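Worksheet: the structure to be examined is printed underneath.
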Amino acid sequence: MAATRERTSAREIFNTLEYGPVPESHACALAWLDTQDRHLGHYVNGKWLKPEHRNSVPCQDPITGESLTACLQAQAEDVAAAVEAAGTAFENWSGLPGASRAQHLLRLAKMIQKHQRLLWTLESLVSGRAVREVRDGDVPLAQQLLQYHAVQAYTQEEVLAGWEPMGVIGLILSPMFSFLEMMWRICPALAVGCTVVVLVPPASPTPLLLAQLAGELGSFPGILNVISGPASLGPVLASHPRVQKVTFCGAVEEGRALRRTLAGKGAELGLALGAESLLVLTEAADVDSAVEGVVDAAWSDRNAGGLRLFIQESVWDETMRRLQERMARLRGGRGLDGAMDMGTREAAARDLAQRYVSEARRQGAQVFQAGDSLFPPTLVSDLPPASPCTQAEVPWPVVVASPFRTAKEALAMANGTPRGASASVWSERLGQALELGCGLRVGTVWINAHGLRSTEVPTGGCKESGSSWHGGPDGLYEYLRPSGTPARLSYFSENLNYDTFGLAVPSTLPAGPEIGPSPATPYGLFIGGRFQAPGARSSRPIKNSQGNLHGYVAEGGAKDIRGAVEAAHQAAPGWVGQSPGARATLLWALATALERRESALASRLERHGMELKDAKVEVELSARQLRAWGSRAQAQGHVLQVAELKGPVLRLREPLGVLAVVCPNEWPLLAFVSLLAAALAHGNTVVMVPSGACPIPALEVCQDMATLLPAGLVNVVTGDRDHLTRCLALHQDVQALWYFGSAQGSQFVEWASAGNLKPVWVNRGCPRAWDQEAKGAGAELGLRAARTKALWLPMGD
Amino acid sequence: MSARNGGTELDLSWISKIQVNQPAVLRRAEQIQARRTVKKEWQAAWLLKAVTFIDLTTLSGDDTSSNIQRLCYKAKYPIREDLLKSLNMHDKGLTTAAVCVYPARVCDAVKALKASGCTIPVASVATGFPAGQTHLKTRLEEIRLAVEDGATEIDVVINRTLVLTGQWEGSDFIKTSTGKETVNATFPVAIVMLRAIRDFFWKTGNKVGFKPAGGIRNAKDSLAWLSLVKEELGNEWLTPELFRIGASTLLLDIERQIYHHVTGRYAAYHDLPMS
């Protein structure tokens, strides 16, 4: 086809007014591959690493199938060498002043600028993506990322005091994620003082080129190491004892598997899963512009995934006509052509799309395709709502359109998928746009735009899209931990049986005479604002420090947890709707009630072996926590100004939803109240399991909560901690879980959270000093108690 | 000119329903320019096509019959013959779409074109150009006189007082601006106008023409305008009946680009005949 076009004369073109080829020369990319003898290894510690006796995989031109280079496949020992190098480099790199790290990042930005042509031609050549998107989008953004994070490194000592770099970071990329996704994550990691080992899929030369560019800066060779290998190496890198944090970008099921594998292994895990996006098109939209939004989202090689499109019924016909008309004008083909809208992808991505489309057809969908590329832009409509394809993730370059009647229904449909990465809302009605924007449960919302991005705007997701963040302040915290936190070591227990952990509840029998307090402790589970008898109708004895029976608390079980979670969900809309000021008022009122109850609470704590003086301090600290979090609730979120965007980006801090908290045994009142206060201040509703040894002070507080707080906002379930933990961790409709208990419990929670990929925070069996400011009321708690949402509001008339 | 717009009942609900999101349109305008380029033979062919859309214009206070005559000659022979020959385009009778002058110069233009034996239409701006702020009676008279002198196309300045107060008028062709404003033909405005033309066509079957004018000075700009129309309306609109570019210096730059395409060298000022 190309050959005949070349002979086309100006005379013919004058009549047809066709577009012609605009080839971008990729000679420099080939020349670079030649410097490696078309045989790429790994880039570790500032040197090419080409070990003997390894398999190699060809890297092919996605259009011609021609082999461009061979890529060595790493094995476990290569991973170990890379982690070793990163570990050694960390000693130096993390000790540098931020200003020096800033200098180094800027030098790398310059290096990229000098070799940008090589970078974009290589990337477009091997990935097949439109060169225009790589050249005008990705490469400049890669430089901006380094510049932005250089500034963050420079101000780190001041702005991020109290935080320290985690250590060696393992970054795992799966094939659909480009070198830019790597840059989004290595920049903040390097800026704050971490060093990185990146595992890239077979046949991805661009990250290796970037590592080489960084390595050729001379100093600090080991801070960025890139190895290429099969997906099976992911767990090997992730489980390496020196790796403190793993960031995984890939498919949902791979992420789930990695979550299970990593349970108890020590490293933190950040997940960025899937690539589907949403677009809600209302009848008040500029439909032509919204159609361009669909093009940006699905057919312009900006995003890795497909698009779920919701169109208001009243503009359905008009929109479909415009979409199809627009699709006919899309140009697809070789990525290295400068006038292509859409390049192509590797065979695996095309197969995935093909399977999805065939399946959708079989399930009764209408499929419209246009254009002449290897896999054309595809519009799927009329999918039956309950068909598997409606639930499945939409792959590149497919758009699945469904109609909705009202904005409320649009929200229900958009929030009705397990994914929560990004969405755009198209409406010229400000009120409606904001209502939808705030109601969508996703990490990023654009109003009347799609796919905008900027270094200073945090980008991430929720639900099964994973809760890892990049960009802005949130991207930095991914690689920081509170100063003084011990290194994360494996606490993995081979003996832990996930099937049976906490499954059975030991039966409890009468345990002798009650010497309990007077007035008697409240009995029952605090659910939905009142004390209820447990479903199992049995109790567990609580002993005091001398081993005498202090009293009985209710033995909660799976059904009670179900009721508590339901009650919390019912209370959620009301609590989210409260202003932070109103939330603060309630927390302050609770603090006053706590102080009024001081002597009773102190004497309860005393019975558990505490000095009366210390007990009083604990009550006092607890009241202080409530007040502190109450006032902090009022300073939430902020407005970002973004280069090249007229209008603000709001960084909102939204509640996680229903948060389950398993409180530690130590500090039975203070820990309970601290965790509760942080959770409530950020708008969450909670299900709490109080200290196992000493649950009674928490139940005392429930008496005040029954009168002060809305019903269902706080639910407290006593009982066997392992059993309750099991119920909560496996509950699909609990949005987050904090666990302070045993090492085995922590491991179980990490494993079980793979179900709905809820963010979890576990103490790995280590006690925490709740009476210290940094631990008890620290920024870490605030960070974990809410999730970020970026709301883009471009303006103009 | 296209077949006359038969018109429809004025339905203001069409206008009130229109939604235009300015930032989104600005982004689209940037994208079209970045995503559509043509090179080599394609560029040459597209540039020659652009020539056929040009309303070769002079709207100066000091226009006289001599420079009008030169303009008309350039309209008939827009590109040097030898350059056309090497592109095998010399037998196409390539001319600009029209010449465009002030009403008082219509006579000169008609005479000059007749003398050179060619049928290029003469367009005239009229109706109190460029402000349109004269009485309806004199404006109508102005049109009548220009037509009498032989103008076959009239660029009417609508009364913008009426537009800004929501009283609309219909037309066969819509033009971005007079070319005499501080901001003239811009892509974002054009996108909105082209989408309106498409909507009108979908609703009524009438094809309204489009003419950007003012500030289109170089060959690259003209290519961008062609691809803009191609993208938003399709090839159907890429004919002189439905698409014009109002310009005076653009033609010279196109000729320079053609010269470069044919010879591989950049032309000196004196290599190409002036208009």
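Labels for the structure tokens follow display order: chains A, B, ..., residues from 1 in each chain, ligands from 1.
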Set the distance at 10 Å and use only C-alpha atoms: which residues neighbour Ile527 in chain A once local chain neighbours fewer than 5 positions away are removed? I'd like the list as a VMD selection string. chain A and resid 532 to 534 560 to 561 563 to 568 687 702 706 711 to 717
Residues of chain B within 9 Å of chain A, only C-alpha atoms counted, as a PyMOL selection string: chain B and resi 17-25+28+34-49+87-89+195+230-232+234-235+238
Please provide the set of residues having any atom within 12 Å of Gly7 in chain B, restricted to only C-alpha atoms, with same-chain residues fewer than 5 positions apart removed, written as an MDAnalysis selection string. chainID B and resid 169:172 200:201 203:208
Selection above as a file: N, CA, C and O atoms, as a PDB file, in the first residue's frame:
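Output saved as result-v4.pdb:
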ATOM      1  N   GLU B 169     -29.517  36.554  11.249  1.00  0.00           N
ATOM      2  CA  GLU B 169     -29.768  36.595   9.807  1.00  0.00           C
ATOM      3  C   GLU B 169     -29.247  35.308   9.178  1.00  0.00           C
ATOM      4  O   GLU B 169     -28.365  34.666   9.729  1.00  0.00           O
ATOM      5  N   GLY B 170     -29.729  34.935   8.010  1.00  0.00           N
ATOM      6  CA  GLY B 170     -29.253  33.728   7.340  1.00  0.00           C
ATOM      7  C   GLY B 170     -28.310  34.071   6.204  1.00  0.00           C
ATOM      8  O   GLY B 170     -28.159  35.226   5.843  1.00  0.00           O
ATOM      9  N   SER B 171     -27.620  33.064   5.620  1.00  0.00           N
ATOM     10  CA  SER B 171     -26.712  33.362   4.513  1.00  0.00           C
ATOM     11  C   SER B 171     -26.327  32.104   3.749  1.00  0.00           C
ATOM     12  O   SER B 171     -26.585  30.993   4.198  1.00  0.00           O
ATOM     13  N   ASP B 172     -25.680  32.289   2.584  1.00  0.00           N
ATOM     14  CA  ASP B 172     -25.183  31.168   1.792  1.00  0.00           C
ATOM     15  C   ASP B 172     -23.790  30.747   2.236  1.00  0.00           C
ATOM     16  O   ASP B 172     -23.383  29.612   2.071  1.00  0.00           O
ATOM     17  N   PHE B 200     -26.502  22.422  10.493  1.00  0.00           N
ATOM     18  CA  PHE B 200     -27.519  23.001   9.611  1.00  0.00           C
ATOM     19  C   PHE B 200     -27.759  22.082   8.419  1.00  0.00           C
ATOM     20  O   PHE B 200     -28.890  21.860   8.004  1.00  0.00           O
ATOM     21  N   PHE B 201     -26.667  21.532   7.891  1.00  0.00           N
ATOM     22  CA  PHE B 201     -26.775  20.600   6.766  1.00  0.00           C
ATOM     23  C   PHE B 201     -27.559  19.347   7.178  1.00  0.00           C
ATOM     24  O   PHE B 201     -28.436  18.883   6.464  1.00  0.00           O
ATOM     25  N   LYS B 203     -29.735  19.123   9.434  1.00  0.00           N
ATOM     26  CA  LYS B 203     -31.134  19.426   9.734  1.00  0.00           C
ATOM     27  C   LYS B 203     -31.927  19.764   8.481  1.00  0.00           C
ATOM     28  O   LYS B 203     -33.097  19.425   8.380  1.00  0.00           O
ATOM     29  N   THR B 204     -31.301  20.475   7.521  1.00  0.00           N
ATOM     30  CA  THR B 204     -32.066  21.019   6.405  1.00  0.00           C
ATOM     31  C   THR B 204     -31.624  20.510   5.042  1.00  0.00           C
ATOM     32  O   THR B 204     -32.312  20.711   4.049  1.00  0.00           O
ATOM     33  N   GLY B 205     -30.422  19.910   4.977  1.00  0.00           N
ATOM     34  CA  GLY B 205     -29.893  19.497   3.685  1.00  0.00           C
ATOM     35  C   GLY B 205     -29.248  20.636   2.908  1.00  0.00           C
ATOM     36  O   GLY B 205     -28.760  20.424   1.795  1.00  0.00           O
ATOM     37  N   ASN B 206     -29.218  21.829   3.464  1.00  0.00           N
ATOM     38  CA  ASN B 206     -28.576  22.958   2.779  1.00  0.00           C
ATOM     39  C   ASN B 206     -27.106  23.036   3.144  1.00  0.00           C
ATOM     40  O   ASN B 206     -26.754  22.966   4.317  1.00  0.00           O
ATOM     41  N   LYS B 207     -26.251  23.197   2.126  1.00  0.00           N
ATOM     42  CA  LYS B 207     -24.826  23.338   2.402  1.00  0.00           C
ATOM     43  C   LYS B 207     -24.461  24.806   2.410  1.00  0.00           C
ATOM     44  O   LYS B 207     -24.590  25.492   1.396  1.00  0.00           O
ATOM     45  N   VAL B 208     -24.001  25.275   3.531  1.00  0.00           N
ATOM     46  CA  VAL B 208     -23.562  26.664   3.646  1.00  0.00           C
ATOM     47  C   VAL B 208     -22.045  26.674   3.509  1.00  0.00           C
ATOM     48  O   VAL B 208     -21.362  25.794   4.032  1.00  0.00           O
TER      49      VAL B 208
END
Mind the document's chain letters and residue numbers, and return as a ChimeraX atom specification the residues of range 5-128 of chain B that DSSP labels strand (DSSP E or B). /B:54-57,98-101,122-126
Identify, with DSSP run on backbone atoms, the residues in range 75-228 of chain A assigned to alpha helix (DSSP H), and express the list as an mmCIF file with C-alpha atoms, in the first residue's frame.
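Final output, states-v2.cif:
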data_model
loop_
_atom_site.group_PDB
_atom_site.id
_atom_site.type_symbol
_atom_site.label_atom_id
_atom_site.label_comp_id
_atom_site.auth_asym_id
_atom_site.auth_seq_id
_atom_site.Cartn_x
_atom_site.Cartn_y
_atom_site.Cartn_z
ATOM 1 C CA ALA A 76 16.444 -14.596 40.073
ATOM 2 C CA GLU A 77 20.175 -13.961 40.499
ATOM 3 C CA ASP A 78 20.039 -10.957 38.151
ATOM 4 C CA VAL A 79 17.198 -9.570 40.255
ATOM 5 C CA ALA A 80 19.343 -10.104 43.354
ATOM 6 C CA ALA A 81 22.266 -8.271 41.728
ATOM 7 C CA ALA A 82 20.044 -5.311 40.876
ATOM 8 C CA VAL A 83 18.566 -5.117 44.378
ATOM 9 C CA GLU A 84 22.084 -5.357 45.781
ATOM 10 C CA ALA A 85 23.200 -2.428 43.631
ATOM 11 C CA ALA A 86 20.161 -0.369 44.603
ATOM 12 C CA GLY A 87 20.729 -1.194 48.275
ATOM 13 C CA THR A 88 24.332 -0.042 48.135
ATOM 14 C CA ALA A 89 23.382 3.116 46.278
ATOM 15 C CA PHE A 90 20.684 3.858 48.846
ATOM 16 C CA GLU A 91 23.284 4.386 51.595
ATOM 17 C CA ASN A 92 24.778 7.278 49.653
ATOM 18 C CA TRP A 93 21.763 8.652 47.873
ATOM 19 C CA SER A 94 19.449 8.881 50.877
ATOM 20 C CA GLY A 95 22.146 10.622 52.894
ATOM 21 C CA GLY A 98 17.820 17.284 49.051
ATOM 22 C CA ALA A 99 19.485 20.049 47.068
ATOM 23 C CA SER A 100 22.087 17.623 45.721
ATOM 24 C CA ARG A 101 19.456 15.128 44.679
ATOM 25 C CA ALA A 102 17.597 17.978 42.988
ATOM 26 C CA GLN A 103 20.738 18.796 40.978
ATOM 27 C CA HIS A 104 21.095 15.223 39.870
ATOM 28 C CA LEU A 105 17.462 14.973 38.747
ATOM 29 C CA LEU A 106 17.837 18.171 36.766
ATOM 30 C CA ARG A 107 20.906 16.763 35.043
ATOM 31 C CA LEU A 108 18.850 13.736 34.049
ATOM 32 C CA ALA A 109 16.123 16.040 32.687
ATOM 33 C CA LYS A 110 18.772 17.750 30.551
ATOM 34 C CA MET A 111 20.054 14.390 29.418
ATOM 35 C CA ILE A 112 16.584 13.448 28.216
ATOM 36 C CA GLN A 113 16.273 16.766 26.437
ATOM 37 C CA LYS A 114 19.504 16.105 24.585
ATOM 38 C CA GLN A 116 14.701 13.215 23.051
ATOM 39 C CA ARG A 117 14.567 12.272 19.408
ATOM 40 C CA LEU A 118 16.159 8.914 20.155
ATOM 41 C CA LEU A 119 13.712 8.421 23.000
ATOM 42 C CA TRP A 120 10.551 9.131 21.061
ATOM 43 C CA THR A 121 11.475 7.260 17.904
ATOM 44 C CA LEU A 122 12.563 4.214 19.888
ATOM 45 C CA GLU A 123 9.390 4.213 21.961
ATOM 46 C CA SER A 124 7.104 4.668 18.975
ATOM 47 C CA LEU A 125 9.013 2.083 16.956
ATOM 48 C CA VAL A 126 8.756 -0.699 19.510
ATOM 49 C CA SER A 127 5.404 0.129 21.106
ATOM 50 C CA VAL A 131 4.800 9.173 17.527
ATOM 51 C CA ARG A 132 2.950 12.454 17.931
ATOM 52 C CA GLU A 133 1.690 11.356 21.353
ATOM 53 C CA VAL A 139 8.764 12.955 26.415
ATOM 54 C CA PRO A 140 8.137 16.572 27.488
ATOM 55 C CA LEU A 141 6.176 15.252 30.459
ATOM 56 C CA ALA A 142 9.065 12.987 31.433
ATOM 57 C CA GLN A 143 11.303 16.049 31.591
ATOM 58 C CA GLN A 144 8.717 18.045 33.534
ATOM 59 C CA LEU A 145 8.410 15.181 36.010
ATOM 60 C CA LEU A 146 12.127 15.327 36.726
ATOM 61 C CA GLN A 147 11.992 19.100 37.078
ATOM 62 C CA TYR A 148 8.964 19.043 39.372
ATOM 63 C CA HIS A 149 10.446 16.378 41.585
ATOM 64 C CA ALA A 150 13.783 18.152 41.689
ATOM 65 C CA VAL A 151 11.935 21.020 43.366
ATOM 66 C CA GLN A 152 10.300 18.579 45.774
ATOM 67 C CA ALA A 153 13.711 17.111 46.633
ATOM 68 C CA TYR A 154 15.061 20.614 47.203
ATOM 69 C CA GLN A 156 12.162 18.018 51.286
ATOM 70 C CA GLU A 157 13.949 18.786 54.576
ATOM 71 C CA GLU A 158 11.528 21.619 55.187
ATOM 72 C CA VAL A 159 8.220 20.378 53.811
ATOM 73 C CA PHE A 179 8.058 4.220 29.995
ATOM 74 C CA LEU A 180 6.109 7.259 31.144
ATOM 75 C CA GLU A 181 4.382 5.191 33.827
ATOM 76 C CA MET A 182 7.850 4.263 35.015
ATOM 77 C CA MET A 183 8.870 7.939 35.105
ATOM 78 C CA TRP A 184 5.754 8.867 37.115
ATOM 79 C CA ARG A 185 6.960 6.509 39.828
ATOM 80 C CA ILE A 186 10.731 6.615 39.780
ATOM 81 C CA CYS A 187 10.833 10.428 39.899
ATOM 82 C CA PRO A 188 9.181 10.794 43.329
ATOM 83 C CA ALA A 189 11.022 7.737 44.636
ATOM 84 C CA LEU A 190 14.410 9.109 43.599
ATOM 85 C CA ALA A 191 13.501 12.621 44.740
ATOM 86 C CA VAL A 192 12.819 11.605 48.331
ATOM 87 C CA PRO A 205 14.022 -1.157 25.305
ATOM 88 C CA THR A 206 12.899 2.375 26.263
ATOM 89 C CA PRO A 207 13.191 1.962 30.055
ATOM 90 C CA LEU A 208 16.643 0.464 29.468
ATOM 91 C CA LEU A 209 17.613 3.503 27.410
ATOM 92 C CA LEU A 210 16.425 5.777 30.227
ATOM 93 C CA ALA A 211 18.464 3.807 32.722
ATOM 94 C CA GLN A 212 21.481 4.153 30.471
ATOM 95 C CA LEU A 213 20.960 7.917 30.234
ATOM 96 C CA ALA A 214 20.772 8.100 34.021
ATOM 97 C CA GLY A 215 23.798 5.858 34.374
#
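Nearest to Ile15 in chain B of all the residues B:Ile174, B:Val163, B:Ala247, B:Val229 is B:Val163, counting only C-alpha atoms.
Relative to CA of Asn763 in chain A, CA of Glu464 in chain A is found at 23.0 Å.
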Skip range 256-263 of chain B itself and residues of its chain fewer than 3 positions away, then list as a tab-separated table (two decimals) with N, CA, C and O atoms, in the first residue's frame all residues within 7 Å of it, counting only C-alpha atoms.
chain	number	residue	atom	x	y	z
B	44	ALA	N	2.53	19.63	-2.03
B	44	ALA	CA	2.45	20.43	-3.26
B	44	ALA	C	1.03	20.43	-3.79
B	44	ALA	O	0.46	21.48	-4.13
B	83	LEU	N	6.84	26.01	-13.03
B	83	LEU	CA	6.68	25.21	-11.80
B	83	LEU	C	5.50	24.25	-11.96
B	83	LEU	O	5.59	23.07	-11.61
B	86	SER	N	6.37	21.26	-14.19
B	86	SER	CA	7.13	20.15	-13.60
B	86	SER	C	6.27	19.33	-12.64
B	86	SER	O	6.63	18.22	-12.28
B	252	LEU	N	1.65	34.36	-2.42
B	252	LEU	CA	3.08	34.47	-2.66
B	252	LEU	C	3.84	33.39	-1.89
B	252	LEU	O	4.76	32.77	-2.41
B	253	ASP	N	3.42	33.17	-0.64
B	253	ASP	CA	4.14	32.17	0.15
B	253	ASP	C	3.90	30.76	-0.40
B	253	ASP	O	4.81	29.93	-0.43
B	266	TYR	N	15.35	27.46	-1.93
B	266	TYR	CA	14.46	28.51	-1.44
B	266	TYR	C	14.53	29.69	-2.40
B	266	TYR	O	15.61	30.11	-2.81
B	267	ALA	N	13.35	30.22	-2.75
B	267	ALA	CA	13.29	31.27	-3.75
B	267	ALA	C	13.74	32.62	-3.20
B	267	ALA	O	13.51	32.92	-2.03
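When CA of Arg321 in chain A is paired with CA of Arg361 in chain A, their separation reads 20.2 Å.
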Got a sec: who's within 7 Å of range 403-405 of chain A, counting only C-alpha atoms, leaving out chain neighbours fewer than 5 positions off, as a ChimeraX atom specification? /A:310-313,316,410
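If you count only C-alpha atoms and ignore residues fewer than 5 places along the chain from range 106-112 of chain B, what sits within 9 Å of it is Thr64, Ser65, Ser66, Ile68, Gln69, Arg70, Leu71, Cys72, Tyr73, Val99, Cys100, Val101, Gly117, Pro121, Val122, Ala123, Ser124, Ala146, Val147, Asp149, Gly150 and Ala151 of chain B.
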Dump of C-alpha atoms for the selected residues, as a PDB file, in the first residue's frame:
ATOM      1  CA  THR B  64      -6.056  52.095  -8.104  1.00  0.00           C
ATOM      2  CA  SER B  65      -6.751  50.476 -11.441  1.00  0.00           C
ATOM      3  CA  SER B  66      -3.069  49.576 -11.929  1.00  0.00           C
ATOM      4  CA  ILE B  68      -6.151  45.961  -9.401  1.00  0.00           C
ATOM      5  CA  GLN B  69      -4.976  44.979 -12.875  1.00  0.00           C
ATOM      6  CA  ARG B  70      -1.865  43.345 -11.424  1.00  0.00           C
ATOM      7  CA  LEU B  71      -4.017  41.510  -8.899  1.00  0.00           C
ATOM      8  CA  CYS B  72      -6.295  40.174 -11.627  1.00  0.00           C
ATOM      9  CA  TYR B  73      -3.342  38.983 -13.670  1.00  0.00           C
ATOM     10  CA  VAL B  99     -10.688  38.461  -6.784  1.00  0.00           C
ATOM     11  CA  CYS B 100     -12.087  40.526  -3.996  1.00  0.00           C
ATOM     12  CA  VAL B 101     -12.099  44.335  -4.024  1.00  0.00           C
ATOM     13  CA  GLY B 117     -10.043  36.641 -21.238  1.00  0.00           C
ATOM     14  CA  PRO B 121     -15.683  35.945 -10.540  1.00  0.00           C
ATOM     15  CA  VAL B 122     -15.294  39.333  -8.922  1.00  0.00           C
ATOM     16  CA  ALA B 123     -16.311  39.506  -5.310  1.00  0.00           C
ATOM     17  CA  SER B 124     -16.941  42.738  -3.543  1.00  0.00           C
ATOM     18  CA  ALA B 146     -21.653  46.592  -7.061  1.00  0.00           C
ATOM     19  CA  VAL B 147     -23.784  43.987  -8.809  1.00  0.00           C
ATOM     20  CA  ASP B 149     -20.760  46.932 -12.045  1.00  0.00           C
ATOM     21  CA  GLY B 150     -20.331  43.195 -12.511  1.00  0.00           C
ATOM     22  CA  ALA B 151     -19.633  41.775  -9.063  1.00  0.00           C
TER      23      ALA B 151
END
Who sits within 9 Å of Ser222 in chain B, only C-alpha atoms, same chain under 2 positions skipped, as a list in words: Leu47, Ala50, Ile216, Arg217, Asn218, Ala219, Lys220, Ala224, Trp225, Leu226, Ser227, Ile245, Leu250 and Ile254 of chain B
Residue selection dump (C-alpha atoms) as a compact mmCIF listing (two decimals), in the first residue's frame:
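To be explicit, this is the file written out as result00.txt:
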# COMPACT_ATOMS: atom_id res chain seq x y z
CA LEU B 47 -1.04 23.88 -1.76
CA ALA B 50 -5.45 25.92 -1.64
CA ILE B 216 -3.81 33.68 6.84
CA ARG B 217 -0.39 34.57 5.48
CA ASN B 218 1.68 31.46 5.03
CA ALA B 219 1.39 28.19 3.21
CA LYS B 220 1.45 26.12 6.38
CA ALA B 224 -4.09 23.64 8.37
CA TRP B 225 -7.28 25.35 7.19
CA LEU B 226 -7.78 22.73 4.51
CA SER B 227 -7.37 19.89 6.96
CA ILE B 245 -9.77 31.73 1.90
CA LEU B 250 -0.80 33.99 1.16
CA ILE B 254 2.41 29.21 -1.49
